[in-house]
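Shown next: input10.cif, given as mmCIF, C-alpha atoms.
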```cif
data_input
loop_
_atom_site.label_atom_id
_atom_site.label_comp_id
_atom_site.auth_asym_id
_atom_site.auth_seq_id
_atom_site.Cartn_x
_atom_site.Cartn_y
_atom_site.Cartn_z
CA MET B 1 32.95 -59.80 4.92
CA ALA B 2 29.99 -62.20 4.50
CA VAL B 3 29.12 -63.37 1.03
CA HIS B 4 25.39 -63.10 0.18
CA SER B 5 23.50 -64.87 -2.51
CA ALA B 6 22.46 -62.84 -5.52
CA GLY B 7 19.03 -61.15 -5.45
CA PRO B 8 17.28 -57.80 -5.02
CA ARG B 9 18.31 -55.91 -1.90
CA LEU B 10 18.11 -52.41 -0.50
CA TYR B 11 21.54 -50.94 -0.02
CA LYS B 12 23.87 -53.45 1.67
CA SER B 13 22.31 -54.56 4.92
CA VAL B 14 18.50 -54.66 4.50
CA LYS B 15 17.27 -57.13 1.99
CA PHE B 16 14.49 -56.01 -0.29
CA LYS B 17 12.22 -58.89 0.78
CA TYR B 18 12.22 -57.67 4.41
CA LEU B 19 11.19 -54.20 3.34
CA VAL B 20 8.27 -55.60 1.37
CA LYS B 21 7.12 -57.65 4.37
CA GLN B 22 7.30 -54.63 6.72
CA SER B 23 5.15 -52.52 4.45
CA GLY B 24 2.35 -55.07 4.90
CA SER B 25 1.75 -55.61 1.24
CA ALA B 26 0.39 -58.66 -0.50
CA ALA B 27 0.72 -62.06 1.05
CA GLY B 28 2.88 -63.55 -1.64
CA SER B 29 6.52 -63.77 -0.77
CA ARG B 30 7.48 -62.28 -4.10
CA ALA B 31 4.92 -59.44 -4.14
CA SER B 32 6.44 -55.94 -4.05
CA ASN B 33 3.44 -53.56 -4.06
CA VAL B 34 4.59 -50.77 -1.70
CA SER B 35 1.74 -48.37 -0.92
CA LEU B 36 2.57 -44.71 -0.30
CA ASN B 37 0.46 -42.94 2.33
CA LEU B 38 -0.72 -39.74 0.67
CA THR B 39 -3.12 -38.60 3.38
CA PRO B 40 -0.71 -36.18 5.19
CA PHE B 41 0.35 -34.74 1.85
CA VAL B 42 -3.26 -34.08 0.80
CA ASP B 43 -4.03 -32.61 4.24
CA MET B 44 -1.10 -30.26 4.00
CA MET B 45 -1.98 -29.17 0.47
CA THR B 46 -5.58 -28.50 1.43
CA ILE B 47 -4.59 -26.34 4.41
CA LEU B 48 -2.02 -24.46 2.30
CA VAL B 49 -4.55 -23.75 -0.45
CA CYS B 50 -7.13 -22.56 2.08
CA PHE B 51 -4.56 -20.23 3.67
CA LEU B 52 -3.41 -18.81 0.33
CA LEU B 53 -6.99 -18.24 -0.81
CA MET B 54 -7.68 -16.35 2.41
CA VAL B 55 -4.66 -14.04 2.10
CA PHE B 56 -5.15 -13.55 -1.63
CA SER B 57 -5.47 -9.85 -2.35
CA SER B 58 -5.67 -7.91 -5.57
CA THR B 59 -4.86 -4.45 -4.20
CA GLY B 60 -1.12 -4.94 -4.24
CA GLN B 61 -1.20 -5.56 -7.95
CA LEU B 62 -2.15 -1.94 -8.54
CA LEU B 63 1.35 -0.93 -7.59
CA GLN B 64 4.60 -1.94 -9.17
CA ALA B 65 7.45 -3.22 -7.09
CA GLN B 66 10.54 -1.22 -7.89
CA ARG B 67 14.13 -1.28 -6.79
CA GLY B 68 15.02 1.38 -4.24
CA LEU B 69 11.45 1.84 -3.10
CA ASP B 70 10.38 1.22 0.50
CA LEU B 71 6.96 2.64 1.18
CA PRO B 72 6.40 4.55 4.43
CA VAL B 73 4.53 2.79 7.20
CA ALA B 74 1.16 3.98 8.49
CA GLN B 75 -1.91 2.72 10.30
CA ALA B 76 -4.25 3.80 7.51
CA ARG B 77 -6.53 0.99 6.32
CA GLU B 78 -8.21 2.47 3.22
CA THR B 79 -7.67 0.37 0.12
CA LEU B 80 -6.11 1.76 -3.01
CA GLN B 81 -7.92 2.22 -6.28
CA GLN B 82 -6.81 2.38 -9.89
CA ALA B 83 -5.27 5.71 -10.88
CA PRO B 84 -2.17 7.06 -12.64
CA VAL B 85 0.89 6.24 -10.53
CA ILE B 86 3.84 8.55 -9.85
CA ILE B 87 6.75 6.58 -8.40
CA VAL B 88 9.63 8.19 -6.55
CA THR B 89 12.49 5.86 -5.77
CA LYS B 90 15.79 6.73 -4.11
CA SER B 91 17.24 7.81 -7.46
CA GLU B 92 14.51 8.51 -10.02
CA ILE B 93 10.98 9.71 -10.65
CA THR B 94 8.78 7.69 -12.99
CA TYR B 95 5.27 8.19 -14.26
CA GLN B 96 3.32 5.10 -15.34
CA GLY B 97 6.61 3.20 -15.46
CA GLN B 98 8.43 5.72 -17.67
CA LEU B 99 11.40 7.69 -16.39
CA VAL B 100 10.59 11.38 -15.99
CA ALA B 101 13.55 12.82 -14.09
CA THR B 102 16.24 11.91 -11.63
CA VAL B 103 15.89 12.85 -7.98
CA GLU B 104 19.25 14.59 -8.00
CA SER B 105 18.40 16.84 -10.95
CA VAL B 106 15.08 17.88 -9.43
CA LEU B 107 16.59 18.68 -6.04
CA ARG B 108 19.36 20.66 -7.74
CA ASP B 109 16.89 22.71 -9.76
CA ASP B 110 16.02 26.02 -8.06
CA SER B 111 13.91 27.43 -10.88
CA PRO B 112 11.15 29.82 -9.81
CA THR B 113 8.38 27.79 -11.49
CA PHE B 114 8.51 25.36 -8.55
CA LYS B 115 7.32 22.42 -10.63
CA ILE B 116 8.84 19.58 -12.59
CA ASP B 117 8.29 20.41 -16.26
CA ALA B 118 8.72 16.90 -17.68
CA LEU B 119 6.27 15.48 -15.16
CA PHE B 120 3.85 18.36 -15.69
CA GLU B 121 3.63 17.67 -19.44
CA ARG B 122 2.68 14.03 -18.89
CA LEU B 123 0.31 14.71 -16.02
CA ASP B 124 -1.38 17.50 -17.95
CA ALA B 125 -2.05 15.20 -20.92
CA ALA B 126 -3.29 12.43 -18.60
CA ALA B 127 -5.57 14.81 -16.67
CA LYS B 128 -7.18 16.05 -19.89
CA LYS B 129 -7.78 12.50 -21.09
CA ILE B 130 -9.32 11.40 -17.78
CA LYS B 131 -11.53 14.49 -17.69
CA GLU B 132 -12.73 13.68 -21.22
CA ASP B 133 -13.37 10.03 -20.30
CA VAL B 134 -15.43 11.06 -17.29
CA ALA B 135 -17.41 13.62 -19.35
CA LEU B 136 -18.16 11.01 -22.03
CA GLY B 137 -19.03 8.33 -19.47
CA ARG B 138 -16.16 6.01 -20.44
CA GLN B 139 -15.40 5.18 -16.80
CA PRO B 140 -17.22 2.53 -14.72
CA LYS B 141 -20.71 3.56 -13.61
CA ASP B 142 -19.90 3.61 -9.90
CA LEU B 143 -17.02 6.02 -10.51
CA ILE B 144 -19.18 8.27 -12.71
CA LYS B 145 -21.68 8.30 -9.85
CA ALA B 146 -18.84 9.23 -7.46
CA CYS B 147 -18.00 12.18 -9.72
CA ASP B 148 -21.61 13.38 -9.58
CA GLU B 149 -21.61 13.03 -5.82
CA ALA B 150 -18.32 14.91 -5.55
CA LYS B 151 -19.99 17.91 -7.17
CA SER B 152 -22.54 17.81 -4.35
CA ASN B 153 -19.73 17.61 -1.76
CA ILE B 154 -20.68 14.07 -0.73
CA ARG B 155 -17.74 12.25 0.79
CA PRO B 156 -16.64 9.38 -1.48
CA VAL B 157 -16.43 5.79 -0.33
CA PRO B 158 -12.78 4.60 -0.06
CA GLY B 159 -11.86 2.83 -3.27
CA LYS B 160 -14.66 4.59 -5.20
CA ILE B 161 -13.24 8.08 -5.59
CA CYS B 162 -13.95 10.07 -8.75
CA PRO B 163 -11.02 9.43 -11.13
CA ASP B 164 -11.05 13.03 -12.34
CA GLY B 165 -8.00 14.63 -10.70
CA LEU B 166 -7.00 11.47 -8.83
CA ALA B 167 -3.43 10.13 -8.81
CA ILE B 168 -1.34 7.81 -6.66
CA LEU B 169 2.01 8.89 -5.26
CA GLN B 170 4.24 5.97 -4.39
CA ALA B 171 7.40 7.37 -2.83
CA ASP B 172 10.30 5.95 -0.89
CA GLU B 173 10.15 6.62 2.86
CA THR B 174 13.50 8.42 2.87
CA THR B 175 12.57 10.87 0.11
CA ASP B 176 13.28 14.50 0.91
CA VAL B 177 10.02 16.42 1.45
CA ARG B 178 11.25 19.19 -0.89
CA LEU B 179 10.84 16.69 -3.70
CA ILE B 180 7.39 15.64 -2.49
CA ASN B 181 6.32 19.29 -2.36
CA LYS B 182 7.50 19.80 -5.92
CA ILE B 183 5.64 16.73 -7.16
CA VAL B 184 2.46 17.71 -5.31
CA ASN B 185 2.63 21.23 -6.76
CA THR B 186 3.23 19.82 -10.22
CA ALA B 187 0.28 17.45 -9.88
CA LYS B 188 -1.92 20.24 -8.61
CA ALA B 189 -0.93 22.53 -11.46
CA ALA B 190 -1.77 19.74 -13.93
CA GLY B 191 -5.21 19.24 -12.42
CA PHE B 192 -4.57 16.35 -10.04
CA ASP B 193 -5.97 17.89 -6.89
CA ASN B 194 -6.68 14.62 -5.12
CA LEU B 195 -3.65 12.49 -4.32
CA LEU B 196 -3.47 9.07 -2.74
CA PHE B 197 -0.25 8.48 -0.83
CA ALA B 198 0.52 4.76 -0.95
CA VAL B 199 1.62 3.41 2.43
CA LYS B 200 2.44 0.06 3.96
CA ASN B 201 0.15 -1.14 6.73
CA LYS B 202 1.71 -1.50 10.18
CA MET G 1 -5.83 -44.69 -1.29
CA SER G 2 -8.60 -47.25 -0.87
CA ALA G 3 -11.98 -47.52 0.84
CA ALA G 4 -13.75 -50.68 1.94
CA ILE G 5 -17.41 -50.82 0.99
CA GLY G 6 -19.87 -53.25 2.53
CA ALA G 7 -17.38 -54.76 4.94
CA GLY G 8 -18.43 -58.09 6.43
CA ASP G 9 -20.47 -59.21 3.43
CA LYS G 10 -19.39 -61.95 1.16
CA LYS G 11 -19.24 -59.57 -1.76
CA SER G 12 -17.19 -56.84 -0.06
CA ALA G 13 -15.19 -54.83 -2.53
CA ASN G 14 -12.08 -52.80 -1.96
CA VAL G 15 -12.70 -49.70 -4.10
CA GLU G 16 -9.68 -47.65 -5.10
CA LEU G 17 -10.31 -43.89 -5.06
CA ASN G 18 -8.20 -42.16 -7.66
CA ILE G 19 -6.87 -39.04 -5.99
CA VAL G 20 -4.24 -38.26 -8.59
CA PRO G 21 -6.35 -35.57 -10.37
CA PHE G 22 -7.11 -34.00 -6.99
CA ILE G 23 -3.42 -33.82 -6.12
CA ASP G 24 -2.66 -32.41 -9.58
CA LEU G 25 -5.27 -29.70 -9.13
CA MET G 26 -4.06 -28.86 -5.63
CA SER G 27 -0.45 -28.65 -6.79
CA CYS G 28 -1.33 -26.28 -9.65
CA LEU G 29 -3.51 -24.12 -7.40
CA THR G 30 -0.85 -23.92 -4.71
CA ALA G 31 1.82 -22.93 -7.21
CA PHE G 32 -0.44 -20.25 -8.76
CA LEU G 33 -1.44 -18.80 -5.39
CA LEU G 34 2.14 -18.75 -4.13
CA VAL G 35 3.32 -16.90 -7.23
CA THR G 36 0.51 -14.35 -7.23
CA ALA G 37 0.28 -13.86 -3.46
CA VAL G 38 0.77 -10.31 -2.19
CA TRP G 39 2.43 -10.37 1.18
CA VAL G 40 2.52 -6.62 1.75
CA ASN G 41 -0.75 -4.85 2.53
CA ILE G 42 -0.85 -1.50 0.83
CA ALA G 43 -3.20 1.23 1.93
CA GLN G 44 -3.68 4.89 1.11
CA ILE G 45 -3.80 8.28 2.75
CA ASN G 46 -5.99 10.63 0.77
CA ILE G 47 -4.80 14.24 0.67
CA GLN G 48 -5.77 17.40 -1.13
CA PRO G 49 -2.95 19.76 -2.12
CA LYS G 50 -3.74 23.11 -0.50
CA GLY G 51 -2.32 26.51 0.16
CA LYS G 52 -0.28 28.87 -1.88
CA THR G 53 2.02 27.64 -4.56
CA ARG G 54 4.42 29.74 -6.58
CA ASP G 55 2.36 29.08 -9.71
CA GLN G 56 -0.68 30.78 -8.34
CA ALA G 57 -0.96 34.52 -8.74
CA GLN G 58 -3.74 34.85 -6.20
CA VAL G 59 -4.68 32.72 -3.28
CA GLN G 60 -8.16 32.53 -1.94
CA GLN G 61 -7.91 32.80 1.82
CA ASP G 62 -10.88 31.78 3.87
CA ASP G 63 -10.80 34.24 6.72
CA GLU G 64 -14.08 33.09 8.22
CA HIS G 65 -12.76 29.84 9.64
CA VAL G 66 -9.98 29.08 12.04
CA THR G 67 -7.58 26.64 10.38
CA LEU G 68 -5.48 24.08 12.17
CA SER G 69 -1.98 23.96 10.73
CA VAL G 70 0.83 21.52 11.40
CA LEU G 71 4.36 22.36 10.35
CA VAL G 72 6.92 19.56 10.49
CA GLN G 73 10.55 20.64 10.73
CA SER G 74 13.63 18.54 11.16
CA ASP G 75 13.96 19.29 14.88
CA ARG G 76 10.40 20.16 15.95
CA ILE G 77 6.73 20.26 15.03
CA TRP G 78 4.55 23.34 15.25
CA VAL G 79 0.80 23.13 15.69
CA GLY G 80 -0.98 26.44 15.17
CA LEU G 81 -4.38 28.04 14.77
CA SER G 82 -4.95 30.75 12.18
CA ARG G 83 -6.62 34.01 13.26
CA VAL G 84 -5.95 33.11 16.89
CA ASN G 85 -2.21 32.87 16.14
CA GLU G 86 -1.67 30.40 18.90
CA PHE G 87 1.20 27.97 18.40
CA GLN G 88 2.39 24.91 20.24
CA ASP G 89 5.98 23.85 19.87
CA ILE G 90 6.70 20.13 20.04
CA PRO G 91 10.49 19.67 20.12
CA LYS G 92 12.15 16.52 18.86
CA LYS G 93 12.61 13.78 21.44
CA ALA G 94 16.01 12.09 21.19
CA GLU G 95 16.19 10.44 17.74
CA ASP G 96 12.59 10.78 16.64
CA GLN G 97 9.85 13.41 16.69
CA ASP G 98 7.55 13.43 19.71
CA TRP G 99 4.62 11.72 17.99
CA GLU G 100 2.76 11.02 21.25
CA LYS G 101 2.70 14.72 22.07
CA LEU G 102 1.53 15.56 18.54
CA GLU G 103 -1.29 13.02 18.83
CA SER G 104 -2.43 14.36 22.19
CA THR G 105 -2.25 17.94 20.89
CA LEU G 106 -4.35 17.08 17.84
CA LYS G 107 -6.84 15.27 20.08
CA GLU G 108 -7.19 18.38 22.23
CA HIS G 109 -7.90 20.48 19.16
CA LYS G 110 -10.38 17.95 17.80
CA ILE G 111 -12.57 18.16 20.90
CA SER G 112 -12.30 21.96 21.06
CA ALA G 113 -15.20 24.17 19.97
CA PHE G 114 -13.44 25.10 16.72
CA PHE G 115 -13.07 21.58 15.36
CA ALA G 116 -15.70 19.45 17.10
CA ASP G 117 -17.76 19.29 13.91
CA ARG G 118 -14.93 19.76 11.44
CA SER G 119 -12.36 17.35 10.06
CA ASP G 120 -9.95 19.53 8.07
CA VAL G 121 -6.30 20.12 8.84
CA GLU G 122 -3.42 21.39 6.79
CA ILE G 123 0.02 19.89 7.08
CA ALA G 124 3.31 21.11 5.69
CA ALA G 125 6.93 20.13 6.06
CA GLU G 126 9.86 22.48 5.88
CA SER G 127 12.87 20.73 4.53
CA THR G 128 16.22 22.26 3.66
CA VAL G 129 19.55 20.87 2.52
CA ALA G 130 20.99 21.43 5.99
CA ALA G 131 17.93 20.13 7.86
CA PRO G 132 16.06 17.66 5.66
CA VAL G 133 12.68 16.21 6.56
CA LYS G 134 11.89 12.71 5.39
CA TYR G 135 8.68 11.64 3.65
CA GLN G 136 8.05 9.10 6.43
CA ASP G 137 7.74 11.97 8.95
CA ILE G 138 5.04 13.77 7.02
CA ILE G 139 3.19 10.49 6.44
CA HIS G 140 3.36 9.83 10.18
CA ALA G 141 1.90 13.27 10.92
CA MET G 142 -0.90 12.73 8.38
CA ASP G 143 -1.60 9.27 9.74
CA LEU G 144 -1.97 10.64 13.27
CA ALA G 145 -4.27 13.40 12.02
CA VAL G 146 -6.51 10.85 10.28
CA LYS G 147 -6.43 8.62 13.36
CA VAL G 148 -7.56 11.50 15.60
CA GLY G 149 -10.43 12.41 13.28
CA PHE G 150 -9.01 15.02 10.92
CA VAL G 151 -9.72 12.97 7.82
CA ASP G 152 -9.61 15.89 5.36
CA VAL G 153 -5.86 16.30 5.23
CA GLY G 154 -4.49 19.09 3.09
CA LEU G 155 -0.85 19.13 2.12
CA SER G 156 0.52 22.62 1.82
CA ASP G 157 3.70 24.48 1.11
CA PRO G 158 5.31 25.74 4.31
CA GLN G 159 4.81 29.30 2.99
CA GLY G 160 1.17 28.59 2.25
CA LEU G 161 0.09 27.57 5.74
CA ALA G 162 -2.78 29.58 7.18
CA ALA G 163 -1.02 29.63 10.54
CA ARG G 164 2.74 29.82 10.37
CA PRO G 165 5.04 30.53 13.29
CA SER G 166 7.22 33.61 12.82
CA LEU G 167 10.68 32.58 13.87
#
```
Translate this structure into structure tokens?
Amino acid sequence: MAVHSAGPRLYKSVKFKYLVKQSGSAAGSRASNVSLNLTPFVDMMTILVCFLLMVFSSTGQLLQAQRGLDLPVAQARETLQQAPVIIVTKSEITYQGQLVATVESVLRDDSPTFKIDALFERLDAAAKKIKEDVALGRQPKDLIKACDEAKSNIRPVPGKICPDGLAILQADETTDVRLINKIVNTAKAAGFDNLLFAVKNK
Amino acid sequence: MSAAIGAGDKKSANVELNIVPFIDLMSCLTAFLLVTAVWVNIAQINIQPKGKTRDQAQVQQDDEHVTLSVLVQSDRIWVGLSRVNEFQDIPKKAEDQDWEKLESTLKEHKISAFFADRSDVEIAAESTVAAPVKYQDIIHAMDLAVKVGFVDVGLSDPQGLAARPSL
């Protein structure tokens, strides 16, 4: 093995001075100013930022991701709007993030009332509060206007539906329809007669 | 990164452009957008609960109009007209429901004299322990109805349908 004189070197075979010369830096034999080409990096970052800004969407933030919840797929294109959310996963039913009942217990229940009592109590209280807010004008002006138009049977613009009686149902695609029927009946009995079924776009 | 200004002159100057703040800003923006990005597009199907429920003592039936009813069962789909009592049976095709046939049937009804200027339809699903119907199926039926032009979708109990096949 050859014996080299002491001095800076890159690994074992390429001496540091050759690397400096190749990079085309300063003329001095001892200069070691290695310039890093940042242009491709800046190009890539700019394109990535442009892409992310284009796909940025706020509608998905209305809904909470939850374990055991795969939304059904549809071709519908109407955007969601803010409303109380009922979530049905594979195992439980939650309202505004709070557990209301388990799927198993609801499907097992054959009571003649045909509604989910725990959910009804919460929806009933929420419906009364929303109705009061709308009556007192505590909602955004465009939604108050939508409520006035709804009384005249004018079709609302998607995303601007009167909040009075409006709720979102976010259910797993494999949910038994018996459960959906019970939830819809419960919502209707509580005053939510306009439901938005959340779906994934195809 | 540098830029030569006034090249060729005696007093040419090699000006260094400081792009470090730009890269910092870009890095922060990229990280923020990646974290907050929503990759799944979520939409809605607007429905109005209709028909008879067990909580209601009396049901107001509108006998003036013919109502288009769709009943989804585990092995078939029924499409019927109230008052006329005319039903079309769409049996299941292999693994899945025959959605193409349902779409064509709904299209036929939409251009008929009854529904040319109307957009209401009622949909129900009959699910039992032995023959369950999944939520995806009823969403598919609603989606097709909206696609065809029946945008006022009413979800009903199977017992509350205006037109229900007697089996």
Check which residues satisfy the PyMOL selection byres ((chain B) within 6 of (chain G)) in the file shown, then give them as a CSV table (one decimal) with C-alpha atoms, in the frame of the given file.
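Heads up, here's the output in expr-v3.csv:
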```csv
chain,number,residue,atom,x,y,z
B,49,VAL,CA,-4.6,-23.8,-0.4
B,56,PHE,CA,-5.2,-13.6,-1.6
B,72,PRO,CA,6.4,4.6,4.4
B,77,ARG,CA,-6.5,1.0,6.3
B,78,GLU,CA,-8.2,2.5,3.2
B,79,THR,CA,-7.7,0.4,0.1
B,80,LEU,CA,-6.1,1.8,-3.0
B,173,GLU,CA,10.2,6.6,2.9
B,174,THR,CA,13.5,8.4,2.9
B,175,THR,CA,12.6,10.9,0.1
B,176,ASP,CA,13.3,14.5,0.9
B,177,VAL,CA,10.0,16.4,1.4
B,178,ARG,CA,11.2,19.2,-0.9
B,193,ASP,CA,-6.0,17.9,-6.9
B,194,ASN,CA,-6.7,14.6,-5.1
B,195,LEU,CA,-3.6,12.5,-4.3
B,196,LEU,CA,-3.5,9.1,-2.7
B,197,PHE,CA,-0.2,8.5,-0.8
B,198,ALA,CA,0.5,4.8,-1.0
B,199,VAL,CA,1.6,3.4,2.4
B,200,LYS,CA,2.4,0.1,4.0
B,201,ASN,CA,0.2,-1.1,6.7
```
(message) Which residues are close to B:Tyr95, i.e. within 7 Å by all atoms listed in the file, leaving aside same-chain residues fewer than 6 positions away? Reply as a ChimeraX atom specification.
(response) /B:85-87
(request) Specify as a list in words each residue included when the PyMOL selection byres ((chain B and resi 119) around 10) is applied to this file. (result) Ile86, Ile93, Thr94, Tyr95, Leu99, Val100, Ala101, Lys115, Ile116, Asp117, Ala118, Phe120, Glu121, Arg122, Leu123, Asp124, Ile183, Thr186, Ala187 and Ala190 of chain B
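Nearest residue to G:Glu108 among G:Ala94, G:Ala145, G:Ala130, G:Ile123 is G:Ala145, counting all atoms listed in the file.
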Report as JSON the centre and the edge lengths, in Å to one decimal, of the axis-aligned box holding every listed atom of stretch 91-97 of chain G, padded by 4 Å on each side.
```
{"center_x": 13.0, "center_y": 15.1, "center_z": 19.0, "size_x": 14.3, "size_y": 17.2, "size_z": 12.8}
```
(request) Compile the contact shell of G:Lys92 as number ranges by chain: residues with an atom at most 7 Å away, counting only C-alpha atoms, same-chain residues fewer than 4 positions apart removed. (result) G: 75-76, 96-98
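The coordinates place atom CA of B:Ile168 at 17.5 Å from atom CA of B:Cys147.
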(request) For the structure shown, which residues end up in the PyMOL selection byres ((chain G and resi 67) around 7)? Put them as a ChimeraX atom specification, please? (result) /G:65-66,68-69,81-82,121,162
Selected residues, C-alpha atoms, written as a PDB file, in the coordinates of the input, please.
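result_26.pdb was written with the following content:
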```
ATOM      1  CA  HIS G  65     -12.760  29.840   9.640  1.00  0.00           C
ATOM      2  CA  VAL G  66      -9.980  29.080  12.040  1.00  0.00           C
ATOM      3  CA  LEU G  68      -5.480  24.080  12.170  1.00  0.00           C
ATOM      4  CA  SER G  69      -1.980  23.960  10.730  1.00  0.00           C
ATOM      5  CA  LEU G  81      -4.380  28.040  14.770  1.00  0.00           C
ATOM      6  CA  SER G  82      -4.950  30.750  12.180  1.00  0.00           C
ATOM      7  CA  VAL G 121      -6.300  20.120   8.840  1.00  0.00           C
ATOM      8  CA  ALA G 162      -2.780  29.580   7.180  1.00  0.00           C
TER       9      ALA G 162
END
```
(request) Could you jot down the atom CA of B:Gly68 to atom CA of G:Trp99 separation for me, Å, one decimal place? (result) 26.6 Å
(request) Record the distance separating atom CA of B:Lys151 and atom CA of G:Phe115, expressed in Å with one decimal. (result) 23.9 Å
(message) Just want the 6 Å neighbourhood of B:Thr89, counted on only C-alpha atoms, with same-chain residues fewer than 2 positions away dropped. Output as a PyMOL selection string.
(response) chain B and resi 68-69+91-92+172
